[in-house]
Amino acid sequence: MEIPYLDGPGTSSPEAWFLGSKAENAEEFERLIVEAIRDQAFWRRNFHPGDPTLVTEAVKRQPEYVQAMGTLTDSYRSLLGFLKKSMPFFSTRYQGHMNWDTAMPAVLGYFAAMLYNPNNVAFEGSTATTILELLVGDDLCRMIGFPLPDKAACQAGAVRPWGHITSGGTVANIEALWSARNLKLYPVAMQAALKEDPTLAAASDLRVPTRNGDMVLLRELDAWSLCNLQGDDILALPARLTAEYGISSAVIDAALVKVAPQSLGMHTFFSRYLGELRSPPVVLVPATKHYSFPRRPRSSASAPPTCSTSRSTRTRA
């Protein structure tokens, strides 16, 4: 599969990364923006060129069209003027917020992609940008030290990390918490499926390593131990059921969907499978937490034991 040219060490010249506090790179920036528009126009004109033209020259001469274009131009210029009320993040005089100037590569990539209007919710609606998202995720994994195992290593049970781009920090934190919650509760759902679903009977003797290194039957672990298994050991469970017991992924998914918190809802899931815990799990964040985490004072009384959560890595666009 062909992908954009992404190899290379990058550059060490920040002067080439930004428009500049005095718009010193305006000519280059404008040229590249225009190139994206022209490239989009070329693609549209050559995509089934025999199709009829909708915006004909006759349409462009109609009074309604002329009025609409005039309104668009006037409104656009009004917007450009109003936007001058924004904070001058680009200026070295401004250092009052975490924001700063936006890098030209980011703006150019965002602008070019918007012309194609992809929707990364499904590959069918983003046949190019989903691939780019996966590549960015791989780069971020490498950057923070997560190795990317090859296909053979994955088949042997290695966990392959991946990344997901969100619209901002708050959404990223919510998704990270959602992922961490589902990861921690997965062994609980797996234990329930092993006990309740006959399609997983072959794996009744499945053993997992505990925090102290002992290999114990998953079916016999208490709720606290289930919630405190290692992340890699949890992620390896479905692959182990397939490799060690010959149970297909489709059968595993069908069994787990009946008992997963996503299906039952958190209240039903906790009351049915985690009743021995005296309170739901909590998330511990540092004082330097992102402002999307609301702060709630805790009672002076000693808190009951709860499931621990692993630190999640979030990625924002």
# chains A, B, ... in the order shown; residues from 1 in each chain; ligands from 1
$ residues_around --residues "A:Cys141" --least-positions-apart "3" --cutoff "12 Å" --atoms "only C-alpha atoms" --output "list in words"
Leu134, Leu135, Val136, Gly137, Asp138, Ile144, Gly145, Phe146, Pro147, Leu148, Pro149, Arg160, Pro161, Trp162, Gly163, His164, Thr313, Arg314 and Thr315 of chain A
$ residues_around --residues "A:Asp150" --least-positions-apart "5" --cutoff "12 Å" --atoms "only C-alpha atoms" --output "number ranges by chain"
A: 155-161
$ write_last_selection --atoms "N, CA and C atoms" --output "PDB file, in the first residue's frame"
ATOM      1  N   GLN A 155       1.744 -12.969  16.847  1.00  0.00           N
ATOM      2  CA  GLN A 155       1.150 -14.302  16.836  1.00  0.00           C
ATOM      3  C   GLN A 155       1.625 -15.138  18.016  1.00  0.00           C
ATOM      4  N   ALA A 156       2.802 -14.786  18.537  1.00  0.00           N
ATOM      5  CA  ALA A 156       3.335 -15.502  19.696  1.00  0.00           C
ATOM      6  C   ALA A 156       2.814 -14.938  21.006  1.00  0.00           C
ATOM      7  N   GLY A 157       1.989 -13.907  20.932  1.00  0.00           N
ATOM      8  CA  GLY A 157       1.375 -13.373  22.138  1.00  0.00           C
ATOM      9  C   GLY A 157       1.791 -11.976  22.519  1.00  0.00           C
ATOM     10  N   ALA A 158       2.706 -11.357  21.752  1.00  0.00           N
ATOM     11  CA  ALA A 158       3.129  -9.999  22.083  1.00  0.00           C
ATOM     12  C   ALA A 158       1.972  -9.020  21.874  1.00  0.00           C
ATOM     13  N   VAL A 159       1.903  -8.021  22.718  1.00  0.00           N
ATOM     14  CA  VAL A 159       0.850  -7.013  22.627  1.00  0.00           C
ATOM     15  C   VAL A 159       1.337  -5.862  21.764  1.00  0.00           C
ATOM     16  N   ARG A 160       0.559  -5.532  20.741  1.00  0.00           N
ATOM     17  CA  ARG A 160       0.943  -4.428  19.863  1.00  0.00           C
ATOM     18  C   ARG A 160       0.234  -3.150  20.304  1.00  0.00           C
ATOM     19  N   PRO A 161       0.980  -2.117  20.680  1.00  0.00           N
ATOM     20  CA  PRO A 161       0.333  -0.867  21.070  1.00  0.00           C
ATOM     21  C   PRO A 161      -0.213  -0.136  19.857  1.00  0.00           C
TER      22      PRO A 161
END
$ residues_around --residues "stretch 213-229 of chain A" --least-positions-apart "6" --cutoff "7 Å" --atoms "only C-alpha atoms" --output "list in words"
Lys184, Leu185, Pro187, Val188, Gln191, Asp205, Leu206, Arg207, Leu274, Cys307 and Ser308 of chain A
$ atom_distance --atom1 "atom CA of A:Pro261" --atom2 "atom CA of A:Arg181"
9.5 Å
$ closest_residue --among "A:Gln95, A:Gln40, A:Ser279, A:Ser179" --to "A:Leu115" --atoms "only C-alpha atoms"
A:Gln40
$ residues_around --residues "A:Ala112" --least-positions-apart "4" --cutoff "12 Å" --atoms "only C-alpha atoms" --output "PyMOL selection string"
chain A and resi 32-41+104-108+116-118+129
$ select_by_dssp --residues "stretch 125-303 of chain A" --states "helix (DSSP H, G or I)" --output "CSV table (one decimal) with N, CA and C atoms, in the first residue's frame"
chain,number,residue,atom,x,y,z
A,125,GLY,N,-15.5,5.5,5.5
A,125,GLY,CA,-15.6,7.0,5.3
A,125,GLY,C,-14.3,7.7,5.4
A,129,THR,N,-7.4,8.7,5.6
A,129,THR,CA,-7.0,9.3,6.9
A,129,THR,C,-7.0,8.3,8.0
A,130,THR,N,-7.7,7.2,7.9
A,130,THR,CA,-7.6,6.2,9.0
A,130,THR,C,-6.2,5.6,9.0
A,131,ILE,N,-5.7,5.3,7.8
A,131,ILE,CA,-4.3,4.8,7.7
A,131,ILE,C,-3.3,5.8,8.3
A,132,LEU,N,-3.5,7.1,8.0
A,132,LEU,CA,-2.6,8.1,8.6
A,132,LEU,C,-2.7,8.1,10.1
A,133,GLU,N,-3.9,8.0,10.6
A,133,GLU,CA,-4.1,7.9,12.0
A,133,GLU,C,-3.4,6.8,12.7
A,134,LEU,N,-3.4,5.6,12.0
A,134,LEU,CA,-2.7,4.5,12.5
A,134,LEU,C,-1.2,4.7,12.5
A,135,LEU,N,-0.7,5.4,11.5
A,135,LEU,CA,0.7,5.7,11.4
A,135,LEU,C,1.2,6.7,12.4
A,136,VAL,N,0.3,7.7,12.7
A,136,VAL,CA,0.6,8.6,13.7
A,136,VAL,C,0.6,7.9,15.1
A,137,GLY,N,-0.3,7.0,15.3
A,137,GLY,CA,-0.4,6.3,16.5
A,137,GLY,C,0.9,5.5,16.8
A,138,ASP,N,1.4,4.9,15.7
A,138,ASP,CA,2.7,4.1,15.8
A,138,ASP,C,3.8,5.0,16.2
A,139,ASP,N,3.9,6.2,15.5
A,139,ASP,CA,4.9,7.2,15.9
A,139,ASP,C,4.9,7.6,17.3
A,140,LEU,N,3.7,7.8,17.8
A,140,LEU,CA,3.5,8.2,19.2
A,140,LEU,C,3.9,7.1,20.2
A,141,CYS,N,3.6,5.9,19.8
A,141,CYS,CA,4.0,4.7,20.6
A,141,CYS,C,5.5,4.6,20.7
A,142,ARG,N,6.2,4.8,19.5
A,142,ARG,CA,7.7,4.7,19.5
A,142,ARG,C,8.2,5.9,20.4
A,143,MET,N,7.6,7.1,20.3
A,143,MET,CA,8.1,8.2,21.0
A,143,MET,C,8.1,8.0,22.5
A,151,LYS,N,4.7,-9.2,13.0
A,151,LYS,CA,3.6,-10.1,12.9
A,151,LYS,C,3.8,-11.4,13.7
A,152,ALA,N,5.1,-11.9,13.5
A,152,ALA,CA,5.4,-13.2,14.2
A,152,ALA,C,5.3,-13.0,15.7
A,153,ALA,N,5.8,-11.9,16.2
A,153,ALA,CA,5.8,-11.7,17.7
A,153,ALA,C,4.4,-11.5,18.2
A,154,CYS,N,3.5,-10.9,17.4
A,154,CYS,CA,2.1,-10.8,17.8
A,154,CYS,C,1.4,-12.1,17.8
A,155,GLN,N,1.7,-13.0,16.8
A,155,GLN,CA,1.1,-14.3,16.8
A,155,GLN,C,1.6,-15.1,18.0
A,169,GLY,N,-8.0,17.5,24.4
A,169,GLY,CA,-7.5,16.9,25.6
A,169,GLY,C,-8.6,16.3,26.4
A,170,THR,N,-9.8,16.9,26.5
A,170,THR,CA,-10.8,16.4,27.4
A,170,THR,C,-11.4,15.1,26.8
A,171,VAL,N,-11.6,15.1,25.5
A,171,VAL,CA,-12.1,13.8,24.9
A,171,VAL,C,-11.1,12.7,25.0
A,172,ALA,N,-9.8,13.1,24.9
A,172,ALA,CA,-8.8,12.1,25.0
A,172,ALA,C,-8.7,11.5,26.4
A,173,ASN,N,-8.9,12.4,27.5
A,173,ASN,CA,-8.9,11.9,28.8
A,173,ASN,C,-10.1,10.9,29.1
A,174,ILE,N,-11.3,11.3,28.5
A,174,ILE,CA,-12.5,10.5,28.7
A,174,ILE,C,-12.3,9.1,28.0
A,175,GLU,N,-11.7,9.1,26.8
A,175,GLU,CA,-11.4,7.9,26.2
A,175,GLU,C,-10.4,7.0,26.9
A,176,ALA,N,-9.4,7.7,27.5
A,176,ALA,CA,-8.4,7.0,28.2
A,176,ALA,C,-9.0,6.3,29.4
A,177,LEU,N,-9.8,7.0,30.1
A,177,LEU,CA,-10.5,6.4,31.3
A,177,LEU,C,-11.4,5.3,30.9
A,178,TRP,N,-12.1,5.5,29.8
A,178,TRP,CA,-13.0,4.4,29.3
A,178,TRP,C,-12.2,3.2,28.9
A,179,SER,N,-11.0,3.4,28.3
A,179,SER,CA,-10.1,2.2,28.0
A,179,SER,C,-9.6,1.6,29.2
A,180,ALA,N,-9.1,2.4,30.2
A,180,ALA,CA,-8.6,1.8,31.4
A,180,ALA,C,-9.6,1.0,32.2
A,181,ARG,N,-10.8,1.6,32.2
A,181,ARG,CA,-11.9,0.9,32.9
A,181,ARG,C,-12.2,-0.5,32.3
A,182,ASN,N,-12.4,-0.5,31.0
A,182,ASN,CA,-12.7,-1.7,30.3
A,182,ASN,C,-11.5,-2.7,30.4
A,183,LEU,N,-10.3,-2.2,30.4
A,183,LEU,CA,-9.2,-3.1,30.6
A,183,LEU,C,-9.2,-3.8,32.0
A,184,LYS,N,-9.4,-3.0,33.0
A,184,LYS,CA,-9.4,-3.5,34.3
A,184,LYS,C,-10.6,-4.5,34.6
A,185,LEU,N,-11.7,-4.2,34.0
A,185,LEU,CA,-12.9,-5.1,34.2
A,185,LEU,C,-12.9,-6.3,33.3
A,186,TYR,N,-12.1,-6.3,32.3
A,186,TYR,CA,-12.1,-7.5,31.3
A,186,TYR,C,-11.9,-8.8,32.0
A,187,PRO,N,-11.0,-9.0,33.0
A,187,PRO,CA,-10.8,-10.3,33.6
A,187,PRO,C,-12.1,-10.7,34.4
A,188,VAL,N,-12.8,-9.7,35.0
A,188,VAL,CA,-14.0,-10.0,35.7
A,188,VAL,C,-15.1,-10.6,34.7
A,189,ALA,N,-15.2,-9.9,33.5
A,189,ALA,CA,-16.1,-10.4,32.5
A,189,ALA,C,-15.6,-11.8,32.0
A,190,MET,N,-14.3,-12.0,31.8
A,190,MET,CA,-13.8,-13.3,31.4
A,190,MET,C,-14.1,-14.4,32.4
A,191,GLN,N,-14.0,-14.1,33.7
A,191,GLN,CA,-14.3,-15.1,34.7
A,191,GLN,C,-15.8,-15.4,34.6
A,192,ALA,N,-16.6,-14.4,34.5
A,192,ALA,CA,-18.1,-14.7,34.4
A,192,ALA,C,-18.4,-15.5,33.2
A,193,ALA,N,-17.8,-15.3,32.0
A,193,ALA,CA,-18.0,-16.0,30.8
A,193,ALA,C,-17.5,-17.5,31.0
A,194,LEU,N,-16.4,-17.6,31.6
A,194,LEU,CA,-15.9,-19.0,31.8
A,194,LEU,C,-16.8,-19.8,32.7
A,195,LYS,N,-17.5,-19.2,33.6
A,195,LYS,CA,-18.4,-19.9,34.5
A,195,LYS,C,-19.7,-20.1,33.9
A,196,GLU,N,-20.2,-19.2,33.1
A,196,GLU,CA,-21.6,-19.2,32.7
A,196,GLU,C,-21.8,-19.7,31.2
A,198,PRO,N,-21.1,-22.2,28.2
A,198,PRO,CA,-20.5,-23.5,27.9
A,198,PRO,C,-19.5,-23.5,26.7
A,199,THR,N,-19.6,-22.5,25.8
A,199,THR,CA,-18.7,-22.4,24.7
A,199,THR,C,-17.3,-22.2,25.1
A,200,LEU,N,-17.1,-21.8,26.3
A,200,LEU,CA,-15.7,-21.5,26.8
A,200,LEU,C,-15.3,-22.6,27.8
A,201,ALA,N,-16.0,-23.7,27.9
A,201,ALA,CA,-15.8,-24.8,28.9
A,201,ALA,C,-14.4,-25.3,28.7
A,202,ALA,N,-13.8,-25.4,27.5
A,202,ALA,CA,-12.5,-26.0,27.3
A,202,ALA,C,-11.4,-25.2,28.0
A,203,ALA,N,-11.7,-23.9,28.3
A,203,ALA,CA,-10.7,-23.1,29.0
A,203,ALA,C,-10.9,-22.9,30.5
A,218,LEU,N,-8.0,-18.6,36.8
A,218,LEU,CA,-8.8,-17.3,36.7
A,218,LEU,C,-10.1,-17.5,37.3
A,219,ARG,N,-10.7,-18.7,37.2
A,219,ARG,CA,-12.1,-18.9,37.8
A,219,ARG,C,-12.1,-18.7,39.3
A,220,GLU,N,-11.0,-18.9,40.0
A,220,GLU,CA,-11.0,-18.9,41.5
A,220,GLU,C,-10.5,-17.6,42.1
A,223,ALA,N,-12.5,-10.7,43.4
A,223,ALA,CA,-12.7,-9.5,42.6
A,223,ALA,C,-11.5,-8.6,42.7
A,224,TRP,N,-10.9,-8.4,43.9
A,224,TRP,CA,-9.7,-7.6,44.0
A,224,TRP,C,-8.6,-8.0,43.2
A,225,SER,N,-8.3,-9.3,43.2
A,225,SER,CA,-7.2,-9.9,42.4
A,225,SER,C,-7.5,-9.7,40.9
A,226,LEU,N,-8.8,-10.0,40.5
A,226,LEU,CA,-9.1,-9.8,39.1
A,226,LEU,C,-8.9,-8.4,38.6
A,227,CYS,N,-9.2,-7.4,39.4
A,227,CYS,CA,-9.0,-6.0,39.0
A,227,CYS,C,-7.6,-5.6,39.1
A,231,GLY,N,-1.7,-5.4,33.0
A,231,GLY,CA,-2.3,-5.0,31.8
A,231,GLY,C,-2.0,-5.9,30.6
A,232,ASP,N,-0.7,-6.2,30.5
A,232,ASP,CA,-0.3,-7.1,29.4
A,232,ASP,C,-0.9,-8.5,29.5
A,233,ASP,N,-1.0,-9.0,30.7
A,233,ASP,CA,-1.6,-10.3,30.9
A,233,ASP,C,-3.1,-10.3,30.6
A,234,ILE,N,-3.7,-9.2,30.9
A,234,ILE,CA,-5.1,-9.1,30.5
A,234,ILE,C,-5.3,-9.0,29.0
A,235,LEU,N,-4.5,-8.2,28.3
A,235,LEU,CA,-4.6,-8.1,26.9
A,235,LEU,C,-4.3,-9.4,26.2
A,237,LEU,N,-5.2,-12.4,27.1
A,237,LEU,CA,-6.2,-13.4,27.4
A,237,LEU,C,-6.9,-14.0,26.2
A,238,PRO,N,-7.5,-13.1,25.3
A,238,PRO,CA,-8.2,-13.7,24.2
A,238,PRO,C,-7.3,-14.5,23.2
A,239,ALA,N,-6.1,-14.0,23.0
A,239,ALA,CA,-5.1,-14.7,22.2
A,239,ALA,C,-4.8,-16.1,22.8
A,240,ARG,N,-4.7,-16.1,24.1
A,240,ARG,CA,-4.3,-17.4,24.8
A,240,ARG,C,-5.5,-18.4,24.6
A,241,LEU,N,-6.7,-17.9,24.7
A,241,LEU,CA,-7.8,-18.9,24.6
A,241,LEU,C,-7.8,-19.5,23.2
A,242,THR,N,-7.4,-18.7,22.2
A,242,THR,CA,-7.4,-19.3,20.8
A,242,THR,C,-6.2,-20.2,20.7
A,243,ALA,N,-5.0,-19.7,21.2
A,243,ALA,CA,-3.8,-20.5,21.0
A,243,ALA,C,-3.7,-21.8,21.8
A,244,GLU,N,-4.2,-21.7,23.1
A,244,GLU,CA,-4.0,-22.8,24.0
A,244,GLU,C,-5.3,-23.7,24.0
A,245,TYR,N,-6.4,-23.2,23.7
A,245,TYR,CA,-7.6,-24.0,23.8
A,245,TYR,C,-8.4,-24.1,22.5
A,249,SER,N,-11.9,-16.4,18.0
A,249,SER,CA,-12.2,-15.1,18.5
A,249,SER,C,-13.7,-14.8,18.4
A,250,ALA,N,-14.3,-15.3,17.4
A,250,ALA,CA,-15.8,-15.0,17.3
A,250,ALA,C,-16.5,-15.6,18.5
A,251,VAL,N,-16.2,-16.8,18.9
A,251,VAL,CA,-16.8,-17.5,20.0
A,251,VAL,C,-16.5,-16.7,21.3
A,252,ILE,N,-15.3,-16.3,21.4
A,252,ILE,CA,-14.9,-15.5,22.6
A,252,ILE,C,-15.7,-14.2,22.7
A,253,ASP,N,-15.8,-13.5,21.6
A,253,ASP,CA,-16.5,-12.2,21.6
A,253,ASP,C,-18.0,-12.4,21.9
A,254,ALA,N,-18.6,-13.5,21.3
A,254,ALA,CA,-20.0,-13.8,21.6
A,254,ALA,C,-20.2,-14.1,23.0
A,255,ALA,N,-19.3,-14.8,23.7
A,255,ALA,CA,-19.5,-15.1,25.1
A,255,ALA,C,-19.3,-13.9,26.0
A,256,LEU,N,-18.3,-13.0,25.7
A,256,LEU,CA,-18.0,-11.9,26.5
A,256,LEU,C,-19.1,-10.8,26.4
A,261,PRO,N,-19.3,-5.1,30.8
A,261,PRO,CA,-20.0,-3.9,31.4
A,261,PRO,C,-20.6,-3.0,30.3
A,262,GLN,N,-20.0,-3.0,29.1
A,262,GLN,CA,-20.6,-2.2,28.0
A,262,GLN,C,-22.0,-2.7,27.6
A,263,SER,N,-22.2,-4.0,27.8
A,263,SER,CA,-23.5,-4.6,27.5
A,263,SER,C,-24.5,-4.5,28.7
A,264,LEU,N,-24.0,-4.8,29.9
A,264,LEU,CA,-24.9,-4.9,31.0
A,264,LEU,C,-25.2,-3.5,31.6
A,266,MET,N,-23.0,-0.4,34.0
A,266,MET,CA,-22.1,-0.4,35.1
A,266,MET,C,-22.8,-0.9,36.4
A,267,HIS,N,-24.0,-0.4,36.6
A,267,HIS,CA,-24.7,-0.8,37.8
A,267,HIS,C,-25.0,-2.3,37.9
A,268,THR,N,-25.5,-2.8,36.8
A,268,THR,CA,-25.8,-4.3,36.8
A,268,THR,C,-24.5,-5.1,36.9
A,269,PHE,N,-23.5,-4.6,36.1
A,269,PHE,CA,-22.2,-5.4,36.1
A,269,PHE,C,-21.6,-5.4,37.6
A,270,PHE,N,-21.6,-4.3,38.2
A,270,PHE,CA,-21.0,-4.3,39.6
A,270,PHE,C,-21.8,-5.1,40.6
A,271,SER,N,-23.1,-4.9,40.5
A,271,SER,CA,-24.0,-5.6,41.5
A,271,SER,C,-23.9,-7.1,41.2
A,272,ARG,N,-23.7,-7.6,40.0
A,272,ARG,CA,-23.7,-9.0,39.7
A,272,ARG,C,-22.4,-9.6,39.9
A,273,TYR,N,-21.3,-8.9,39.6
A,273,TYR,CA,-20.0,-9.6,39.6
A,273,TYR,C,-19.0,-9.0,40.6
$ atom_distance --atom1 "atom CA of A:Gly20" --atom2 "atom CA of A:Phe90"
7.3 Å
$ atom_distance --atom1 "atom CA of A:Ala128" --atom2 "atom CA of A:His48"
19.6 Å
$ decode --residues "stretch 71-87 of chain A" --atoms "N, CA, C and O atoms" --output "PDB file, in the first residue's frame"
ATOM      1  N   THR A  71     -22.723  37.681  -0.525  1.00  0.00           N
ATOM      2  CA  THR A  71     -22.962  37.504   0.907  1.00  0.00           C
ATOM      3  C   THR A  71     -21.836  36.703   1.541  1.00  0.00           C
ATOM      4  O   THR A  71     -21.369  37.022   2.645  1.00  0.00           O
ATOM      5  N   LEU A  72     -21.407  35.650   0.841  1.00  0.00           N
ATOM      6  CA  LEU A  72     -20.306  34.834   1.348  1.00  0.00           C
ATOM      7  C   LEU A  72     -19.049  35.677   1.525  1.00  0.00           C
ATOM      8  O   LEU A  72     -18.381  35.621   2.561  1.00  0.00           O
ATOM      9  N   THR A  73     -18.723  36.487   0.532  1.00  0.00           N
ATOM     10  CA  THR A  73     -17.514  37.312   0.588  1.00  0.00           C
ATOM     11  C   THR A  73     -17.600  38.329   1.722  1.00  0.00           C
ATOM     12  O   THR A  73     -16.658  38.493   2.511  1.00  0.00           O
ATOM     13  N   ASP A  74     -18.730  39.031   1.818  1.00  0.00           N
ATOM     14  CA  ASP A  74     -18.888  40.040   2.864  1.00  0.00           C
ATOM     15  C   ASP A  74     -18.834  39.413   4.255  1.00  0.00           C
ATOM     16  O   ASP A  74     -18.179  39.934   5.173  1.00  0.00           O
ATOM     17  N   SER A  75     -19.523  38.281   4.424  1.00  0.00           N
ATOM     18  CA  SER A  75     -19.546  37.620   5.722  1.00  0.00           C
ATOM     19  C   SER A  75     -18.163  37.085   6.092  1.00  0.00           C
ATOM     20  O   SER A  75     -17.743  37.156   7.255  1.00  0.00           O
ATOM     21  N   TYR A  76     -17.462  36.588   5.096  1.00  0.00           N
ATOM     22  CA  TYR A  76     -16.119  36.058   5.336  1.00  0.00           C
ATOM     23  C   TYR A  76     -15.172  37.161   5.790  1.00  0.00           C
ATOM     24  O   TYR A  76     -14.412  37.007   6.745  1.00  0.00           O
ATOM     25  N   ARG A  77     -15.234  38.300   5.100  1.00  0.00           N
ATOM     26  CA  ARG A  77     -14.371  39.418   5.488  1.00  0.00           C
ATOM     27  C   ARG A  77     -14.740  39.955   6.867  1.00  0.00           C
ATOM     28  O   ARG A  77     -13.869  40.385   7.634  1.00  0.00           O
ATOM     29  N   SER A  78     -16.035  39.937   7.190  1.00  0.00           N
ATOM     30  CA  SER A  78     -16.452  40.341   8.525  1.00  0.00           C
ATOM     31  C   SER A  78     -15.885  39.395   9.578  1.00  0.00           C
ATOM     32  O   SER A  78     -15.434  39.819  10.651  1.00  0.00           O
ATOM     33  N   LEU A  79     -15.902  38.094   9.275  1.00  0.00           N
ATOM     34  CA  LEU A  79     -15.333  37.116  10.191  1.00  0.00           C
ATOM     35  C   LEU A  79     -13.838  37.348  10.377  1.00  0.00           C
ATOM     36  O   LEU A  79     -13.322  37.312  11.505  1.00  0.00           O
ATOM     37  N   LEU A  80     -13.124  37.593   9.280  1.00  0.00           N
ATOM     38  CA  LEU A  80     -11.684  37.836   9.365  1.00  0.00           C
ATOM     39  C   LEU A  80     -11.392  39.034  10.258  1.00  0.00           C
ATOM     40  O   LEU A  80     -10.424  39.032  11.028  1.00  0.00           O
ATOM     41  N   GLY A  81     -12.226  40.056  10.146  1.00  0.00           N
ATOM     42  CA  GLY A  81     -12.034  41.218  10.996  1.00  0.00           C
ATOM     43  C   GLY A  81     -12.325  40.911  12.459  1.00  0.00           C
ATOM     44  O   GLY A  81     -11.589  41.335  13.365  1.00  0.00           O
ATOM     45  N   PHE A  82     -13.386  40.158  12.698  1.00  0.00           N
ATOM     46  CA  PHE A  82     -13.761  39.823  14.073  1.00  0.00           C
ATOM     47  C   PHE A  82     -12.704  38.948  14.734  1.00  0.00           C
ATOM     48  O   PHE A  82     -12.457  39.067  15.943  1.00  0.00           O
ATOM     49  N   LEU A  83     -12.067  38.079  13.972  1.00  0.00           N
ATOM     50  CA  LEU A  83     -11.074  37.173  14.538  1.00  0.00           C
ATOM     51  C   LEU A  83      -9.844  37.908  15.058  1.00  0.00           C
ATOM     52  O   LEU A  83      -9.047  37.331  15.809  1.00  0.00           O
ATOM     53  N   LYS A  84      -9.672  39.170  14.691  1.00  0.00           N
ATOM     54  CA  LYS A  84      -8.548  39.959  15.224  1.00  0.00           C
ATOM     55  C   LYS A  84      -8.695  40.200  16.721  1.00  0.00           C
ATOM     56  O   LYS A  84      -7.752  40.650  17.366  1.00  0.00           O
ATOM     57  N   LYS A  85      -9.884  39.905  17.273  1.00  0.00           N
ATOM     58  CA  LYS A  85     -10.077  40.023  18.711  1.00  0.00           C
ATOM     59  C   LYS A  85      -9.460  38.843  19.457  1.00  0.00           C
ATOM     60  O   LYS A  85      -9.499  38.789  20.688  1.00  0.00           O
ATOM     61  N   SER A  86      -8.933  37.867  18.734  1.00  0.00           N
ATOM     62  CA  SER A  86      -8.319  36.698  19.354  1.00  0.00           C
ATOM     63  C   SER A  86      -7.020  37.073  20.052  1.00  0.00           C
ATOM     64  O   SER A  86      -6.441  38.140  19.809  1.00  0.00           O
ATOM     65  N   MET A  87      -6.559  36.186  20.909  1.00  0.00           N
ATOM     66  CA  MET A  87      -5.292  36.393  21.593  1.00  0.00           C
ATOM     67  C   MET A  87      -4.129  36.224  20.610  1.00  0.00           C
ATOM     68  O   MET A  87      -4.152  35.306  19.779  1.00  0.00           O
TER      69      MET A  87
END
